[in-house]
Amino acid sequence: MPNNCSDRSNPKNDGDVSRGNAFRKLWLKLNQLQGTRAFQYPEFRGVWSTAVLAGLANSIERLSVGWLILEQTNSVLLTALSFALRNLPNLVFGPLGGAAADSFKRSRLLKITLGSKGLILATLALSLMIGRSPVGLVLGLVFLLGIGFTFEVPTTQALITDSVPPELAANSIALYSVGTRAISLVGAIVSGVLLERVGAQGAFLVAATALGLGSVALRDIQPQTVAIALPWRAVFSTAREGLIAMGRLPTVRILLILTILLEILAYSYQSLLPSIARDVLKVGATGLGTLSFGAGMGSLIGSITLSCWGNIRRKGIALLLVTSTYGLFLMAFSLSPWFSLSGLLILGVGAMASLFDALQWITLQHHVPSDMKGRVIGGWLFATGFGWLGHMILGALAELVGVQTALGLSGILVVVLGGGLLVFSARLRQA
């Protein structure tokens, strides 16, 4: 079957067929499209739907917290701190979340995780309803949400690949990426509208409801490799052993180092978006939602491109080219003084971010044994945990030299990183 988004095989001419048969054949053909083959499996459709609902909640929560902190404190640095606290738990709990995904029944673990995050968001909404919520409380609850995220991601990704045959693992991850990127578009627009109309408390309630629905809707999935239930003490040991094992795999090791650097230099741009919307482009909460919509649209375009692309032979080269292009878009976005141009440029930023993530996930899964699927994503989360440094450095730099200059400098460093590795890292080029 060709590696594109259309099935070009010619169906046999069966002559006169009934309208019902014709529709059935059309449906079968649609189910065989290269880019959507994983949707043939009911288990995949179930976990994909849950992941999309969780993605909606995460998008609304992230945008609303950033705006709430900026409005309450008028500080770019404290706004960046809210993003940093969301990333910080990955350093400790990322490997634990991955080990838990490999040690317990994954569907049950995900139900508990999503339900817990929903309760935290409901608590945050309630605290805002009864009065002006202290910034310290908001930041503390954001930290708890970050802990939940470290269990949510590896468990969801392991379930995604559990729900399809091994040969469709890459397709299932790409479709998972498409779904979560697409729903982030809805989350961005909904967040902007809710923040303007009913405030952050309404946005948090909508996010909590989405997580509750996702937890209830998740169905049990029989994994390809059955996890052995372990006591939590053994899970800690499994997490430590998983990190050591990944460190001994050269390709996995360098991919995780690249993730650390990109989290610090590139993904931290998100913590500056509220300030760019309010102080540079002068467009308020609705404009922030529109910029986030643009980043989400770019992410969706990137994910669809990858799902239609099929299996990429030279994943490492593609990953490094995406890295450098990511930096170029960040540089251009930092220079734009016009909202319309910024909206176009952030499409490219979002596309490169999603392409980097998806290529990273696919390449990591390809270089570890099947019984480490959860732990390698836990290792990836551990690497992303260093992103808190990027948020804090970028926030502090923005206070000193301005948000546009800070963002432009980070873009330059990303371009240099991608180009340097493309020239000097033979192992990544061959990944």
# chains A, B, ... in the order shown; residues from 1 in each chain; ligands from 1

call {"tool": "residues_around", "arguments": {"residues": "range 127-143 of chain A", "least_positions_apart": "4", "cutoff": "7 Å", "atoms": "only C-alpha atoms", "output": "number ranges by chain"}}
result
A: 82, 85-86, 120, 123, 147, 201

call {"tool": "write_last_selection", "arguments": {"atoms": "C-alpha atoms", "output": "mmCIF file, in the first residue's frame"}}
result
data_model
loop_
_atom_site.group_PDB
_atom_site.id
_atom_site.type_symbol
_atom_site.label_atom_id
_atom_site.label_comp_id
_atom_site.auth_asym_id
_atom_site.auth_seq_id
_atom_site.Cartn_x
_atom_site.Cartn_y
_atom_site.Cartn_z
ATOM 1 C CA SER A 82 3.202 28.748 36.450
ATOM 2 C CA LEU A 85 5.675 24.319 37.930
ATOM 3 C CA ARG A 86 3.658 22.335 35.416
ATOM 4 C CA ILE A 120 -8.042 19.481 41.326
ATOM 5 C CA THR A 123 -11.147 22.812 43.539
ATOM 6 C CA ILE A 147 2.159 15.408 38.723
ATOM 7 C CA GLN A 201 -13.474 29.703 37.143
#

call {"tool": "closest_atom_pairs", "arguments": {"of": "range 164-213 of chain A", "to": "range 331-353 of chain A", "cutoff": "12 Å", "atoms": "only C-alpha atoms", "output": "JSON lines"}}
result
{"residue": "A:Ser177", "atom": "CA", "partner": "A:Ala353", "partner_atom": "CA", "distance": 11.2}
{"residue": "A:Val178", "atom": "CA", "partner": "A:Ala351", "partner_atom": "CA", "distance": 11.1}
{"residue": "A:Arg181", "atom": "CA", "partner": "A:Gly350", "partner_atom": "CA", "distance": 9.2}
{"residue": "A:Ala182", "atom": "CA", "partner": "A:Gly350", "partner_atom": "CA", "distance": 11.5}
{"residue": "A:Ser184", "atom": "CA", "partner": "A:Gly350", "partner_atom": "CA", "distance": 10.9}
{"residue": "A:Leu185", "atom": "CA", "partner": "A:Gly350", "partner_atom": "CA", "distance": 11.1}

call {"tool": "write_last_selection", "arguments": {"atoms": "N, CA, C and O atoms", "output": "PDB file, in the first residue's frame"}}
result
ATOM      1  N   SER A 177      -1.624  12.032  18.003  1.00  0.00           N
ATOM      2  CA  SER A 177      -1.108  13.399  17.930  1.00  0.00           C
ATOM      3  C   SER A 177      -2.080  14.308  17.191  1.00  0.00           C
ATOM      4  O   SER A 177      -2.344  15.433  17.615  1.00  0.00           O
ATOM      5  N   VAL A 178      -2.653  13.817  16.074  1.00  0.00           N
ATOM      6  CA  VAL A 178      -3.626  14.607  15.319  1.00  0.00           C
ATOM      7  C   VAL A 178      -4.817  14.965  16.200  1.00  0.00           C
ATOM      8  O   VAL A 178      -5.270  16.114  16.243  1.00  0.00           O
ATOM      9  N   ARG A 181      -3.871  17.472  18.970  1.00  0.00           N
ATOM     10  CA  ARG A 181      -3.591  18.792  18.394  1.00  0.00           C
ATOM     11  C   ARG A 181      -4.875  19.455  17.919  1.00  0.00           C
ATOM     12  O   ARG A 181      -5.072  20.667  18.092  1.00  0.00           O
ATOM     13  N   ALA A 182      -5.775  18.665  17.314  1.00  0.00           N
ATOM     14  CA  ALA A 182      -7.023  19.230  16.810  1.00  0.00           C
ATOM     15  C   ALA A 182      -7.875  19.779  17.946  1.00  0.00           C
ATOM     16  O   ALA A 182      -8.442  20.870  17.855  1.00  0.00           O
ATOM     17  N   SER A 184      -6.878  20.885  20.699  1.00  0.00           N
ATOM     18  CA  SER A 184      -6.273  22.080  21.285  1.00  0.00           C
ATOM     19  C   SER A 184      -6.785  23.346  20.595  1.00  0.00           C
ATOM     20  O   SER A 184      -6.819  24.421  21.199  1.00  0.00           O
ATOM     21  N   LEU A 185      -7.210  23.216  19.325  1.00  0.00           N
ATOM     22  CA  LEU A 185      -7.822  24.353  18.633  1.00  0.00           C
ATOM     23  C   LEU A 185      -9.111  24.767  19.326  1.00  0.00           C
ATOM     24  O   LEU A 185      -9.365  25.945  19.576  1.00  0.00           O
TER      25      LEU A 185
END

call {"tool": "closest_residue", "arguments": {"among": "A:Ala200, A:Ile257, A:Ala217, A:Leu124", "to": "Phe382 in chain A", "atoms": "only C-alpha atoms"}}
result
A:Ile257

call {"tool": "closest_residue", "arguments": {"among": "A:Ala57, A:Ala101, A:Leu281, A:Val186", "to": "Ala207 in chain A", "atoms": "only C-alpha atoms"}}
result
A:Ala57

call {"tool": "closest_residue", "arguments": {"among": "A:Leu119, A:Leu194, A:Leu159, A:Ile317", "to": "Gly212 in chain A", "atoms": "only C-alpha atoms"}}
result
A:Leu119

call {"tool": "residues_around", "arguments": {"residues": "Tyr41 in chain A", "least_positions_apart": "4", "cutoff": "8 Å", "atoms": "only C-alpha atoms", "output": "PyMOL selection string"}}
result
chain A and resi 45+163-164

call {"tool": "closest_residue", "arguments": {"among": "A:Thr325, A:Ser425, A:Ser215, A:Thr286", "to": "Trp67 in chain A", "atoms": "only C-alpha atoms"}}
result
A:Thr286

call {"tool": "residues_around", "arguments": {"residues": "Phe44 in chain A", "least_positions_apart": "3", "cutoff": "9 Å", "atoms": "only C-alpha atoms", "output": "PyMOL selection string"}}
result
chain A and resi 38-41+47-49+159-164+172+221

call {"tool": "closest_residue", "arguments": {"among": "A:Ala285, A:Arg108, A:Ala210, A:Ile183", "to": "Val65 in chain A", "atoms": "only C-alpha atoms"}}
result
A:Ala285

call {"tool": "closest_residue", "arguments": {"among": "A:Val252, A:Leu262, A:Leu421, A:Leu211", "to": "Thr363 in chain A", "atoms": "only C-alpha atoms"}}
result
A:Val252

call {"tool": "atom_distance", "arguments": {"atom1": "CA of Val322 in chain A", "atom2": "CA of Ala266 in chain A"}}
result
12.0 Å

call {"tool": "residues_around", "arguments": {"residues": "Leu417 in chain A", "least_positions_apart": "6", "cutoff": "10 Å", "atoms": "only C-alpha atoms", "output": "list in words"}}
result
Leu258, Leu261, Leu262, Leu265, Leu320, Thr323, Ser324, Gly327 and Gly411 of chain A

call {"tool": "atom_distance", "arguments": {"atom1": "CA of Gly66 in chain A", "atom2": "CA of Val416 in chain A"}}
result
29.3 Å
